[in-house]
$ cat entry_34.pdb   # PDB, C-alpha atoms
MODEL        1
ATOM      1  CA  MET A   1      87.933  77.040  61.312
ATOM      2  CA  ILE A   2      89.402  77.468  57.834
ATOM      3  CA  VAL A   3      93.008  78.607  58.021
ATOM      4  CA  GLN A   4      95.008  80.644  55.537
ATOM      5  CA  LEU A   5      98.672  79.733  55.504
ATOM      6  CA  ALA A   6     100.918  82.799  55.614
ATOM      7  CA  PHE A   7     102.860  82.142  52.399
ATOM      8  CA  GLU A   8     103.176  85.842  51.628
ATOM      9  CA  LYS A   9     105.001  86.503  54.898
ATOM     10  CA  THR A  10     108.132  84.620  53.830
ATOM     11  CA  GLY A  11     108.271  85.251  50.114
ATOM     12  CA  GLY A  12     106.001  82.356  49.225
ATOM     13  CA  LEU A  13     107.839  79.635  51.150
ATOM     14  CA  LEU A  14     106.994  78.167  54.540
ATOM     15  CA  PRO A  15     109.475  76.104  56.548
ATOM     16  CA  ALA A  16     108.249  72.531  57.041
ATOM     17  CA  ILE A  17     109.710  70.437  59.838
ATOM     18  CA  VAL A  18     109.643  66.689  59.202
ATOM     19  CA  GLN A  19     109.322  64.537  62.303
ATOM     20  CA  ASP A  20     109.200  60.741  62.559
ATOM     21  CA  HIS A  21     105.724  60.131  63.978
ATOM     22  CA  ARG A  22     106.832  57.089  65.941
ATOM     23  CA  THR A  23     110.196  58.071  67.416
ATOM     24  CA  GLY A  24     109.675  61.844  67.600
ATOM     25  CA  GLY A  25     113.041  62.327  65.910
ATOM     26  CA  VAL A  26     113.350  65.423  63.738
ATOM     27  CA  LEU A  27     114.476  64.202  60.322
ATOM     28  CA  MET A  28     114.887  67.319  58.205
ATOM     29  CA  LEU A  29     113.603  70.779  57.385
ATOM     30  CA  GLY A  30     112.427  71.771  53.931
ATOM     31  CA  PHE A  31     110.368  74.552  52.409
ATOM     32  CA  MET A  32     106.965  74.400  50.757
ATOM     33  CA  ASN A  33     105.315  76.879  48.466
ATOM     34  CA  ALA A  34     101.544  76.741  47.996
ATOM     35  CA  GLU A  35     101.862  74.212  45.170
ATOM     36  CA  ALA A  36     104.191  71.907  47.130
ATOM     37  CA  PHE A  37     101.850  72.095  50.085
ATOM     38  CA  ALA A  38      98.836  71.233  47.904
ATOM     39  CA  GLU A  39     100.714  68.279  46.402
ATOM     40  CA  THR A  40     101.702  67.085  49.867
ATOM     41  CA  GLN A  41      98.073  67.184  50.951
ATOM     42  CA  ARG A  42      96.784  65.596  47.737
ATOM     43  CA  THR A  43      99.247  62.684  47.686
ATOM     44  CA  SER A  44      99.897  62.246  51.435
ATOM     45  CA  GLU A  45     103.599  62.161  50.562
ATOM     46  CA  VAL A  46     105.950  65.038  51.317
ATOM     47  CA  VAL A  47     106.680  67.419  48.426
ATOM     48  CA  PHE A  48     108.977  70.387  48.972
ATOM     49  CA  PHE A  49     109.966  73.341  46.861
ATOM     50  CA  SER A  50     113.698  73.126  46.219
ATOM     51  CA  ARG A  51     115.286  76.545  46.465
ATOM     52  CA  SER A  52     118.483  75.377  44.774
ATOM     53  CA  ARG A  53     116.716  73.657  41.878
ATOM     54  CA  ASN A  54     113.816  76.139  41.754
ATOM     55  CA  ARG A  55     111.217  73.437  41.246
ATOM     56  CA  LEU A  56     108.928  71.072  43.140
ATOM     57  CA  TRP A  57     110.900  68.292  44.764
ATOM     58  CA  LYS A  58     109.165  65.162  45.880
ATOM     59  CA  LYS A  59     111.217  63.727  48.687
ATOM     60  CA  GLY A  60     112.268  60.244  47.605
ATOM     61  CA  GLU A  61     111.751  60.850  43.885
ATOM     62  CA  SER A  62     115.129  59.299  43.106
ATOM     63  CA  SER A  63     115.983  57.372  46.279
ATOM     64  CA  GLY A  64     112.560  55.865  46.918
ATOM     65  CA  HIS A  65     112.833  57.144  50.486
ATOM     66  CA  VAL A  66     109.369  58.647  50.430
ATOM     67  CA  LEU A  67     107.868  60.358  53.491
ATOM     68  CA  LYS A  68     104.284  59.229  54.114
ATOM     69  CA  VAL A  69     102.280  61.951  55.836
ATOM     70  CA  LYS A  70     100.599  60.849  59.055
ATOM     71  CA  GLU A  71      99.670  64.271  60.428
ATOM     72  CA  LEU A  72     100.031  67.892  59.337
ATOM     73  CA  LEU A  73     100.255  70.593  61.994
ATOM     74  CA  ILE A  74     100.493  74.356  61.709
ATOM     75  CA  ASP A  75     101.790  76.807  64.243
ATOM     76  CA  CYS A  76      99.966  79.673  65.923
ATOM     77  CA  ASP A  77     100.981  82.208  63.259
ATOM     78  CA  ALA A  78     100.244  79.799  60.379
ATOM     79  CA  ASP A  79     103.732  80.434  59.017
ATOM     80  CA  ALA A  80     105.428  77.118  59.852
ATOM     81  CA  LEU A  81     104.438  73.493  59.273
ATOM     82  CA  LEU A  82     105.163  70.349  61.246
ATOM     83  CA  VAL A  83     104.726  67.194  59.192
ATOM     84  CA  ARG A  84     104.618  63.951  61.127
ATOM     85  CA  VAL A  85     105.612  61.139  58.810
ATOM     86  CA  GLU A  86     106.332  57.505  58.407
ATOM     87  CA  PRO A  87     109.677  57.534  56.609
ATOM     88  CA  LEU A  88     110.168  54.763  54.049
ATOM     89  CA  GLY A  89     113.716  53.482  53.746
ATOM     90  CA  PRO A  90     116.728  53.741  56.034
ATOM     91  CA  GLY A  91     117.125  57.502  56.154
ATOM     92  CA  VAL A  92     116.337  60.885  54.651
ATOM     93  CA  CYS A  93     119.805  62.424  54.435
ATOM     94  CA  HIS A  94     121.750  62.373  51.193
ATOM     95  CA  GLU A  95     124.872  61.792  53.280
ATOM     96  CA  GLY A  96     123.563  58.418  54.439
ATOM     97  CA  TYR A  97     121.995  59.195  57.795
ATOM     98  CA  ARG A  98     118.536  58.622  59.213
ATOM     99  CA  SER A  99     118.227  62.360  59.917
ATOM    100  CA  CYS A 100     119.853  65.393  58.308
ATOM    101  CA  PHE A 101     120.579  66.597  61.861
ATOM    102  CA  PHE A 102     123.411  64.132  62.490
ATOM    103  CA  ARG A 103     125.947  66.649  63.816
ATOM    104  CA  SER A 104     126.057  68.525  67.076
ATOM    105  CA  LEU A 105     127.679  71.913  67.239
ATOM    106  CA  ASP A 106     130.114  72.745  69.988
ATOM    107  CA  GLU A 107     130.908  76.155  71.405
ATOM    108  CA  ASP A 108     134.133  76.509  69.446
ATOM    109  CA  GLY A 109     132.353  75.908  66.123
ATOM    110  CA  THR A 110     133.471  72.323  65.750
ATOM    111  CA  THR A 111     130.978  69.589  64.961
ATOM    112  CA  THR A 112     130.608  66.057  66.233
ATOM    113  CA  VAL A 113     128.813  63.325  64.311
ATOM    114  CA  ILE A 114     126.302  61.845  66.752
ATOM    115  CA  GLU A 115     124.582  59.254  64.565
ATOM    116  CA  GLU A 116     125.662  56.121  62.787
ATOM    117  CA  LYS A 117     125.224  55.944  59.025
ATOM    118  CA  THR A 118     122.233  53.832  58.064
ATOM    119  CA  PHE A 119     122.952  53.441  54.353
ATOM    120  CA  ALA A 120     125.613  54.006  51.714
ATOM    121  CA  PRO A 121     124.491  57.072  49.747
ATOM    122  CA  GLU A 122     126.484  56.131  46.631
ATOM    123  CA  THR A 123     124.296  53.060  46.191
ATOM    124  CA  VAL A 124     121.104  55.111  46.430
ATOM    125  CA  TYR A 125     121.747  58.454  44.774
ATOM    126  CA  GLY A 126     123.065  59.384  41.402
ATOM    127  CA  PRO A 127     125.990  61.805  41.358
ATOM    128  CA  GLU A 128     123.836  64.926  41.037
ATOM    129  CA  THR A 129     120.737  64.120  43.046
ATOM    130  CA  LYS A 130     120.020  64.203  46.714
ATOM    131  CA  SER A 131     116.385  63.294  47.006
TER     132      SER A 131
ATOM    133  CA  MET B   1     135.717  70.137  61.785
ATOM    134  CA  ILE B   2     134.871  73.824  61.972
ATOM    135  CA  VAL B   3     131.558  74.541  60.300
ATOM    136  CA  GLN B   4     130.366  77.728  58.650
ATOM    137  CA  LEU B   5     126.630  78.240  59.004
ATOM    138  CA  ALA B   6     125.005  79.205  55.691
ATOM    139  CA  PHE B   7     123.472  82.494  56.800
ATOM    140  CA  GLU B   8     123.943  84.068  53.391
ATOM    141  CA  LYS B   9     121.819  81.405  51.707
ATOM    142  CA  THR B  10     118.587  82.614  53.317
ATOM    143  CA  GLY B  11     119.120  86.340  53.549
ATOM    144  CA  GLY B  12     120.921  86.164  56.881
ATOM    145  CA  LEU B  13     118.351  84.094  58.773
ATOM    146  CA  LEU B  14     118.403  80.372  59.512
ATOM    147  CA  PRO B  15     115.312  78.475  60.650
ATOM    148  CA  ALA B  16     115.781  77.050  64.138
ATOM    149  CA  ILE B  17     113.557  74.179  65.288
ATOM    150  CA  VAL B  18     113.029  74.015  69.042
ATOM    151  CA  GLN B  19     112.491  70.521  70.446
ATOM    152  CA  ASP B  20     111.868  69.467  74.038
ATOM    153  CA  HIS B  21     114.928  67.346  74.793
ATOM    154  CA  ARG B  22     113.011  65.035  77.107
ATOM    155  CA  THR B  23     109.700  64.425  75.325
ATOM    156  CA  GLY B  24     110.860  64.929  71.725
ATOM    157  CA  GLY B  25     107.940  67.294  71.155
ATOM    158  CA  VAL B  26     108.531  70.078  68.650
ATOM    159  CA  LEU B  27     107.709  73.313  70.467
ATOM    160  CA  MET B  28     108.194  76.057  67.905
ATOM    161  CA  LEU B  29     110.199  77.333  64.974
ATOM    162  CA  GLY B  30     112.037  80.630  65.001
ATOM    163  CA  PHE B  31     114.760  82.304  62.990
ATOM    164  CA  MET B  32     118.285  83.225  64.026
ATOM    165  CA  ASN B  33     120.673  85.644  62.416
ATOM    166  CA  ALA B  34     124.384  85.367  63.213
ATOM    167  CA  GLU B  35     124.022  87.619  66.265
ATOM    168  CA  ALA B  36     121.055  85.675  67.677
ATOM    169  CA  PHE B  37     122.937  82.442  67.144
ATOM    170  CA  ALA B  38     126.014  83.809  68.915
ATOM    171  CA  GLU B  39     123.875  84.991  71.843
ATOM    172  CA  THR B  40     122.184  81.596  72.027
ATOM    173  CA  GLN B  41     125.565  79.911  72.212
ATOM    174  CA  ARG B  42     126.997  82.436  74.679
ATOM    175  CA  THR B  43     124.093  82.330  77.119
ATOM    176  CA  SER B  44     122.822  78.752  76.564
ATOM    177  CA  GLU B  45     119.339  80.267  76.308
ATOM    178  CA  VAL B  46     117.471  80.565  73.033
ATOM    179  CA  VAL B  47     117.624  83.969  71.324
ATOM    180  CA  PHE B  48     115.857  84.489  68.001
ATOM    181  CA  PHE B  49     115.758  87.302  65.521
ATOM    182  CA  SER B  50     112.172  88.559  65.324
ATOM    183  CA  ARG B  51     111.213  89.337  61.737
ATOM    184  CA  SER B  52     108.139  91.297  62.802
ATOM    185  CA  ARG B  53     109.966  93.398  65.394
ATOM    186  CA  ASN B  54     113.260  93.492  63.465
ATOM    187  CA  ARG B  55     115.380  92.932  66.566
ATOM    188  CA  LEU B  56     116.897  90.226  68.725
ATOM    189  CA  TRP B  57     114.219  88.441  70.711
ATOM    190  CA  LYS B  58     115.176  86.418  73.730
ATOM    191  CA  LYS B  59     112.490  83.790  74.137
ATOM    192  CA  GLY B  60     110.982  84.311  77.578
ATOM    193  CA  GLU B  61     112.146  87.907  77.950
ATOM    194  CA  SER B  62     108.687  88.951  79.118
ATOM    195  CA  SER B  63     107.041  85.659  80.108
ATOM    196  CA  GLY B  64     109.998  84.120  81.914
ATOM    197  CA  HIS B  65     109.450  80.995  79.802
ATOM    198  CA  VAL B  66     113.099  80.719  78.879
ATOM    199  CA  LEU B  67     114.416  77.868  76.746
ATOM    200  CA  LYS B  68     117.615  76.372  78.200
ATOM    201  CA  VAL B  69     119.807  74.913  75.485
ATOM    202  CA  LYS B  70     120.771  71.274  76.024
ATOM    203  CA  GLU B  71     122.101  70.481  72.552
ATOM    204  CA  LEU B  72     122.570  72.347  69.267
ATOM    205  CA  LEU B  73     122.466  70.398  66.020
ATOM    206  CA  ILE B  74     122.969  71.498  62.425
ATOM    207  CA  ASP B  75     121.782  69.811  59.290
ATOM    208  CA  CYS B  76     123.842  68.457  56.405
ATOM    209  CA  ASP B  77     123.716  71.723  54.449
ATOM    210  CA  ALA B  78     124.404  73.865  57.552
ATOM    211  CA  ASP B  79     121.337  75.945  56.754
ATOM    212  CA  ALA B  80     118.959  74.768  59.493
ATOM    213  CA  LEU B  81     119.332  74.392  63.262
ATOM    214  CA  LEU B  82     117.760  71.978  65.710
ATOM    215  CA  VAL B  83     117.905  73.218  69.292
ATOM    216  CA  ARG B  84     117.126  70.668  71.966
ATOM    217  CA  VAL B  85     115.987  72.499  75.058
ATOM    218  CA  GLU B  86     114.685  72.279  78.553
ATOM    219  CA  PRO B  87     111.689  74.615  78.458
ATOM    220  CA  LEU B  88     111.072  76.594  81.646
ATOM    221  CA  GLY B  89     107.433  77.273  82.426
ATOM    222  CA  PRO B  90     104.209  75.687  81.195
ATOM    223  CA  GLY B  91     104.502  76.423  77.493
ATOM    224  CA  VAL B  92     106.135  78.425  74.705
ATOM    225  CA  CYS B  93     103.067  79.578  72.779
ATOM    226  CA  HIS B  94     101.636  83.056  73.304
ATOM    227  CA  GLU B  95      98.193  81.491  72.915
ATOM    228  CA  GLY B  96      98.680  79.432  76.081
ATOM    229  CA  TYR B  97      99.849  76.091  74.767
ATOM    230  CA  ARG B  98     102.902  73.967  75.493
ATOM    231  CA  SER B  99     103.789  74.006  71.782
ATOM    232  CA  CYS B 100     103.008  76.476  69.014
ATOM    233  CA  PHE B 101     101.984  73.449  66.909
ATOM    234  CA  PHE B 102      98.700  72.868  68.714
ATOM    235  CA  ARG B 103      96.484  72.561  65.606
ATOM    236  CA  SER B 104      96.259  69.838  63.012
ATOM    237  CA  LEU B 105      95.274  70.686  59.485
ATOM    238  CA  ASP B 106      92.666  68.665  57.683
ATOM    239  CA  GLU B 107      92.317  68.161  53.946
ATOM    240  CA  ASP B 108      89.542  70.718  53.592
ATOM    241  CA  GLY B 109      91.624  73.453  55.216
ATOM    242  CA  THR B 110      89.946  73.265  58.595
ATOM    243  CA  THR B 111      91.980  72.998  61.773
ATOM    244  CA  THR B 112      91.502  70.978  64.928
ATOM    245  CA  VAL B 113      93.027  71.932  68.255
ATOM    246  CA  ILE B 114      94.845  68.822  69.473
ATOM    247  CA  GLU B 115      96.357  70.099  72.740
ATOM    248  CA  GLU B 116      94.988  71.352  76.016
ATOM    249  CA  LYS B 117      95.938  74.831  77.131
ATOM    250  CA  THR B 118      98.594  74.777  79.809
ATOM    251  CA  PHE B 119      98.369  78.390  80.965
ATOM    252  CA  ALA B 120      96.272  81.522  80.645
ATOM    253  CA  PRO B 121      98.200  83.846  78.319
ATOM    254  CA  GLU B 122      96.556  86.999  79.655
ATOM    255  CA  THR B 123      98.168  86.401  83.035
ATOM    256  CA  VAL B 124     101.617  85.994  81.487
ATOM    257  CA  TYR B 125     101.865  88.393  78.583
ATOM    258  CA  GLY B 126     101.259  92.084  78.310
ATOM    259  CA  PRO B 127      98.854  93.203  75.576
ATOM    260  CA  GLU B 128     101.579  93.760  72.979
ATOM    261  CA  THR B 129     104.128  91.088  73.710
ATOM    262  CA  LYS B 130     104.307  87.425  72.877
ATOM    263  CA  SER B 131     107.627  86.305  74.206
TER     264      SER B 131
ENDMDL
END

$ encode --input "entry_34.pdb" --output "structure tokens"
Amino acid sequence: MIVQLAFEKTGGLLPAIVQDHRTGGVLMLGFMNAEAFAETQRTSEVVFFSRSRNRLWKKGESSGHVLKVKELLIDCDADALLVRVEPLGPGVCHEGYRSCFFRSLDEDGTTTVIEEKTFAPETVYGPETKS
Amino acid sequence: MIVQLAFEKTGGLLPAIVQDHRTGGVLMLGFMNAEAFAETQRTSEVVFFSRSRNRLWKKGESSGHVLKVKELLIDCDADALLVRVEPLGPGVCHEGYRSCFFRSLDEDGTTTVIEEKTFAPETVYGPETKS
């Protein structure tokens, strides 16, 4: 069955969950517009649409930490994507962690860092980039 | 450290990824406004904000397939949530699957169902509900 992704439902952007295909760990969440999605499919590397920079954003364009697509899944309403990837490099987070979800949230609003850093971000990123 | 979730960044709604805390499987993605998030924290059961129904939506309110919160994580930008849960019941998807991500997407836009159904939705849901 041919599926139409529901880009119009969320103002042109669909949330895309990135999951490590081997460990099952959730690495990050980004957004894709139709063009970012097409580029992701065409290149088999994850391309988001950056809301803050208002442009296509290939994950790893500056860090080299590219996300190789292993499997693309859509949900029942066709308005969310799950991208199973092989992550290149030590981590996806511009703060130096394997996953952007490196903090747990407690009931009182405090956070606890639950992962170890896997790289030093200052050696990977320029001062203004976080890709 | 006390964290402020970035609700204003996305028009009051944050995407919330739901992951089975035991298997690592991604079950669904929903959205939470500040009230849904507070209810999720207060009750330790997942509450979303339904964009289509424009109201709080406790997952499992009609099906009984409640999601018990085991761990709440936030990402580096505090604009996405990862909720690790113990799912009660055979599945979260109103189409009868364990996960809403039961279809893979091929390059030509066709989809392939990659999971077995785990329950008969017509025995669980009324004609108008999908919770």

$ atom_distance --input "entry_34.pdb" --atom1 "CA of Ala80 in chain B" --atom2 "CA of His94 in chain B"
23.7 Å

$ resolve_selection --input "entry_34.pdb" --expression "the ChimeraX specification (/A :<9) & /B" --output "VMD selection string"
chain B and resid 1 to 4 15 17 19 23 to 26 28 to 29 41 to 42 71 to 77 80 to 82 93 to 95 99 to 112

$ atom_distance --input "entry_34.pdb" --atom1 "CA of Trp57 in chain A" --atom2 "CA of Val85 in chain A"
16.6 Å

$ resolve_selection --input "entry_34.pdb" --expression "the PyMOL selection byres ((chain A and resi 89) around 12)" --output "list in words"
Lys59, Gly60, Ser63, Gly64, His65, Val66, Leu67, Lys68, Glu86, Pro87, Leu88, Pro90, Gly91, Val92, Cys93, Gly96, Tyr97, Arg98, Ser99, Thr118, Phe119 and Val124 of chain A

$ atom_distance --input "entry_34.pdb" --atom1 "CA of Val18 in chain A" --atom2 "CA of Ala120 in chain A"
21.7 Å

$ decode --input "entry_34.pdb" --residues "range 9-120 of chain B" --atoms "C-alpha atoms" --output "PDB file, in the first residue's frame"
ATOM      1  CA  LYS B   9       9.109  26.576  21.686  1.00  0.00           C
ATOM      2  CA  THR B  10       6.545  24.282  20.054  1.00  0.00           C
ATOM      3  CA  GLY B  11       3.296  26.092  20.682  1.00  0.00           C
ATOM      4  CA  GLY B  12       2.764  24.546  24.103  1.00  0.00           C
ATOM      5  CA  LEU B  13       3.202  20.898  23.119  1.00  0.00           C
ATOM      6  CA  LEU B  14       6.263  18.694  23.539  1.00  0.00           C
ATOM      7  CA  PRO B  15       6.673  15.397  21.691  1.00  0.00           C
ATOM      8  CA  ALA B  16       6.820  12.476  24.111  1.00  0.00           C
ATOM      9  CA  ILE B  17       8.336   9.178  22.954  1.00  0.00           C
ATOM     10  CA  VAL B  18       6.984   6.120  24.749  1.00  0.00           C
ATOM     11  CA  GLN B  19       9.438   3.233  25.090  1.00  0.00           C
ATOM     12  CA  ASP B  20       8.911  -0.164  26.698  1.00  0.00           C
ATOM     13  CA  HIS B  21      11.388  -0.082  29.576  1.00  0.00           C
ATOM     14  CA  ARG B  22      12.074  -3.804  29.364  1.00  0.00           C
ATOM     15  CA  THR B  23      12.324  -4.521  25.632  1.00  0.00           C
ATOM     16  CA  GLY B  24      13.495  -1.090  24.443  1.00  0.00           C
ATOM     17  CA  GLY B  25      10.772  -1.122  21.791  1.00  0.00           C
ATOM     18  CA  VAL B  26       9.361   2.263  20.829  1.00  0.00           C
ATOM     19  CA  LEU B  27       5.599   1.999  21.295  1.00  0.00           C
ATOM     20  CA  MET B  28       4.214   5.352  20.213  1.00  0.00           C
ATOM     21  CA  LEU B  29       4.696   9.093  20.113  1.00  0.00           C
ATOM     22  CA  GLY B  30       2.270  11.535  21.663  1.00  0.00           C
ATOM     23  CA  PHE B  31       2.270  15.168  22.693  1.00  0.00           C
ATOM     24  CA  MET B  32       2.071  16.678  26.162  1.00  0.00           C
ATOM     25  CA  ASN B  33       1.169  20.186  27.172  1.00  0.00           C
ATOM     26  CA  ALA B  34       2.175  21.419  30.629  1.00  0.00           C
ATOM     27  CA  GLU B  35      -1.027  20.055  32.181  1.00  0.00           C
ATOM     28  CA  ALA B  36      -0.640  16.604  30.595  1.00  0.00           C
ATOM     29  CA  PHE B  37       2.959  16.495  31.744  1.00  0.00           C
ATOM     30  CA  ALA B  38       1.973  17.444  35.294  1.00  0.00           C
ATOM     31  CA  GLU B  39      -0.732  14.756  35.323  1.00  0.00           C
ATOM     32  CA  THR B  40       1.746  12.194  34.015  1.00  0.00           C
ATOM     33  CA  GLN B  41       4.131  13.053  36.821  1.00  0.00           C
ATOM     34  CA  ARG B  42       1.402  13.171  39.476  1.00  0.00           C
ATOM     35  CA  THR B  43      -0.198   9.849  38.579  1.00  0.00           C
ATOM     36  CA  SER B  44       2.827   7.955  37.169  1.00  0.00           C
ATOM     37  CA  GLU B  45       0.590   7.017  34.235  1.00  0.00           C
ATOM     38  CA  VAL B  46       0.974   8.542  30.796  1.00  0.00           C
ATOM     39  CA  VAL B  47      -1.397  11.407  29.962  1.00  0.00           C
ATOM     40  CA  PHE B  48      -1.165  13.121  26.579  1.00  0.00           C
ATOM     41  CA  PHE B  49      -2.805  16.141  25.077  1.00  0.00           C
ATOM     42  CA  SER B  50      -4.863  14.988  22.091  1.00  0.00           C
ATOM     43  CA  ARG B  51      -4.538  17.432  19.207  1.00  0.00           C
ATOM     44  CA  SER B  52      -7.530  15.955  17.393  1.00  0.00           C
ATOM     45  CA  ARG B  53      -9.815  15.996  20.434  1.00  0.00           C
ATOM     46  CA  ASN B  54      -8.279  19.146  21.947  1.00  0.00           C
ATOM     47  CA  ARG B  55      -8.296  17.758  25.483  1.00  0.00           C
ATOM     48  CA  LEU B  56      -6.236  15.757  27.939  1.00  0.00           C
ATOM     49  CA  TRP B  57      -6.116  12.114  26.929  1.00  0.00           C
ATOM     50  CA  LYS B  58      -5.130   9.512  29.454  1.00  0.00           C
ATOM     51  CA  LYS B  59      -3.694   6.620  27.489  1.00  0.00           C
ATOM     52  CA  GLY B  60      -5.818   3.590  28.319  1.00  0.00           C
ATOM     53  CA  GLU B  61      -8.823   5.568  29.535  1.00  0.00           C
ATOM     54  CA  SER B  62     -11.146   3.399  27.457  1.00  0.00           C
ATOM     55  CA  SER B  63      -9.036   0.326  26.664  1.00  0.00           C
ATOM     56  CA  GLY B  64      -7.482  -0.138  30.090  1.00  0.00           C
ATOM     57  CA  HIS B  65      -4.097  -0.325  28.348  1.00  0.00           C
ATOM     58  CA  VAL B  66      -2.493   2.117  30.737  1.00  0.00           C
ATOM     59  CA  LEU B  67       1.181   3.041  30.489  1.00  0.00           C
ATOM     60  CA  LYS B  68       2.891   2.977  33.904  1.00  0.00           C
ATOM     61  CA  VAL B  69       5.782   5.412  34.039  1.00  0.00           C
ATOM     62  CA  LYS B  70       9.097   3.866  35.076  1.00  0.00           C
ATOM     63  CA  GLU B  71      11.424   6.702  34.079  1.00  0.00           C
ATOM     64  CA  LEU B  72      11.075  10.167  32.542  1.00  0.00           C
ATOM     65  CA  LEU B  73      13.946  11.567  30.504  1.00  0.00           C
ATOM     66  CA  ILE B  74      14.400  14.925  28.799  1.00  0.00           C
ATOM     67  CA  ASP B  75      16.693  15.799  25.959  1.00  0.00           C
ATOM     68  CA  CYS B  76      19.513  18.336  25.889  1.00  0.00           C
ATOM     69  CA  ASP B  77      17.274  21.171  24.682  1.00  0.00           C
ATOM     70  CA  ALA B  78      14.447  20.268  27.108  1.00  0.00           C
ATOM     71  CA  ASP B  79      12.020  20.194  24.198  1.00  0.00           C
ATOM     72  CA  ALA B  80      11.413  16.442  23.885  1.00  0.00           C
ATOM     73  CA  LEU B  81      10.500  13.746  26.411  1.00  0.00           C
ATOM     74  CA  LEU B  82      11.326  10.059  26.555  1.00  0.00           C
ATOM     75  CA  VAL B  83       8.977   8.116  28.812  1.00  0.00           C
ATOM     76  CA  ARG B  84      10.067   4.618  29.726  1.00  0.00           C
ATOM     77  CA  VAL B  85       7.007   2.629  30.669  1.00  0.00           C
ATOM     78  CA  GLU B  86       5.581  -0.671  31.686  1.00  0.00           C
ATOM     79  CA  PRO B  87       2.692  -1.099  29.253  1.00  0.00           C
ATOM     80  CA  LEU B  88      -0.387  -2.818  30.676  1.00  0.00           C
ATOM     81  CA  GLY B  89      -2.296  -4.966  28.217  1.00  0.00           C
ATOM     82  CA  PRO B  90      -1.351  -6.482  24.864  1.00  0.00           C
ATOM     83  CA  GLY B  91      -0.594  -3.322  22.921  1.00  0.00           C
ATOM     84  CA  VAL B  92      -0.915   0.453  22.618  1.00  0.00           C
ATOM     85  CA  CYS B  93      -2.113   0.770  19.025  1.00  0.00           C
ATOM     86  CA  HIS B  94      -5.800   1.232  18.238  1.00  0.00           C
ATOM     87  CA  GLU B  95      -5.237  -0.995  15.209  1.00  0.00           C
ATOM     88  CA  GLY B  96      -4.405  -3.965  17.442  1.00  0.00           C
ATOM     89  CA  TYR B  97      -0.630  -3.931  17.552  1.00  0.00           C
ATOM     90  CA  ARG B  98       1.858  -3.834  20.408  1.00  0.00           C
ATOM     91  CA  SER B  99       3.406  -0.676  18.926  1.00  0.00           C
ATOM     92  CA  CYS B 100       1.982   2.041  16.697  1.00  0.00           C
ATOM     93  CA  PHE B 101       5.143   1.645  14.578  1.00  0.00           C
ATOM     94  CA  PHE B 102       4.087  -1.633  12.991  1.00  0.00           C
ATOM     95  CA  ARG B 103       4.852  -0.685   9.360  1.00  0.00           C
ATOM     96  CA  SER B 104       8.142  -0.173   7.599  1.00  0.00           C
ATOM     97  CA  LEU B 105       8.377   2.245   4.731  1.00  0.00           C
ATOM     98  CA  ASP B 106      10.088   1.265   1.529  1.00  0.00           C
ATOM     99  CA  GLU B 107      11.780   3.549  -0.972  1.00  0.00           C
ATOM    100  CA  ASP B 108       8.850   3.525  -3.376  1.00  0.00           C
ATOM    101  CA  GLY B 109       6.420   4.686  -0.693  1.00  0.00           C
ATOM    102  CA  THR B 110       4.901   1.287  -0.048  1.00  0.00           C
ATOM    103  CA  THR B 111       4.570  -0.067   3.469  1.00  0.00           C
ATOM    104  CA  THR B 112       5.100  -3.514   4.919  1.00  0.00           C
ATOM    105  CA  VAL B 113       3.487  -4.685   8.133  1.00  0.00           C
ATOM    106  CA  ILE B 114       6.329  -6.034  10.268  1.00  0.00           C
ATOM    107  CA  GLU B 115       4.445  -7.021  13.442  1.00  0.00           C
ATOM    108  CA  GLU B 116       1.768  -9.527  14.298  1.00  0.00           C
ATOM    109  CA  LYS B 117      -1.460  -8.249  15.781  1.00  0.00           C
ATOM    110  CA  THR B 118      -1.625  -8.822  19.505  1.00  0.00           C
ATOM    111  CA  PHE B 119      -5.318  -8.125  20.066  1.00  0.00           C
ATOM    112  CA  ALA B 120      -8.581  -7.559  18.238  1.00  0.00           C
TER     113      ALA B 120
END
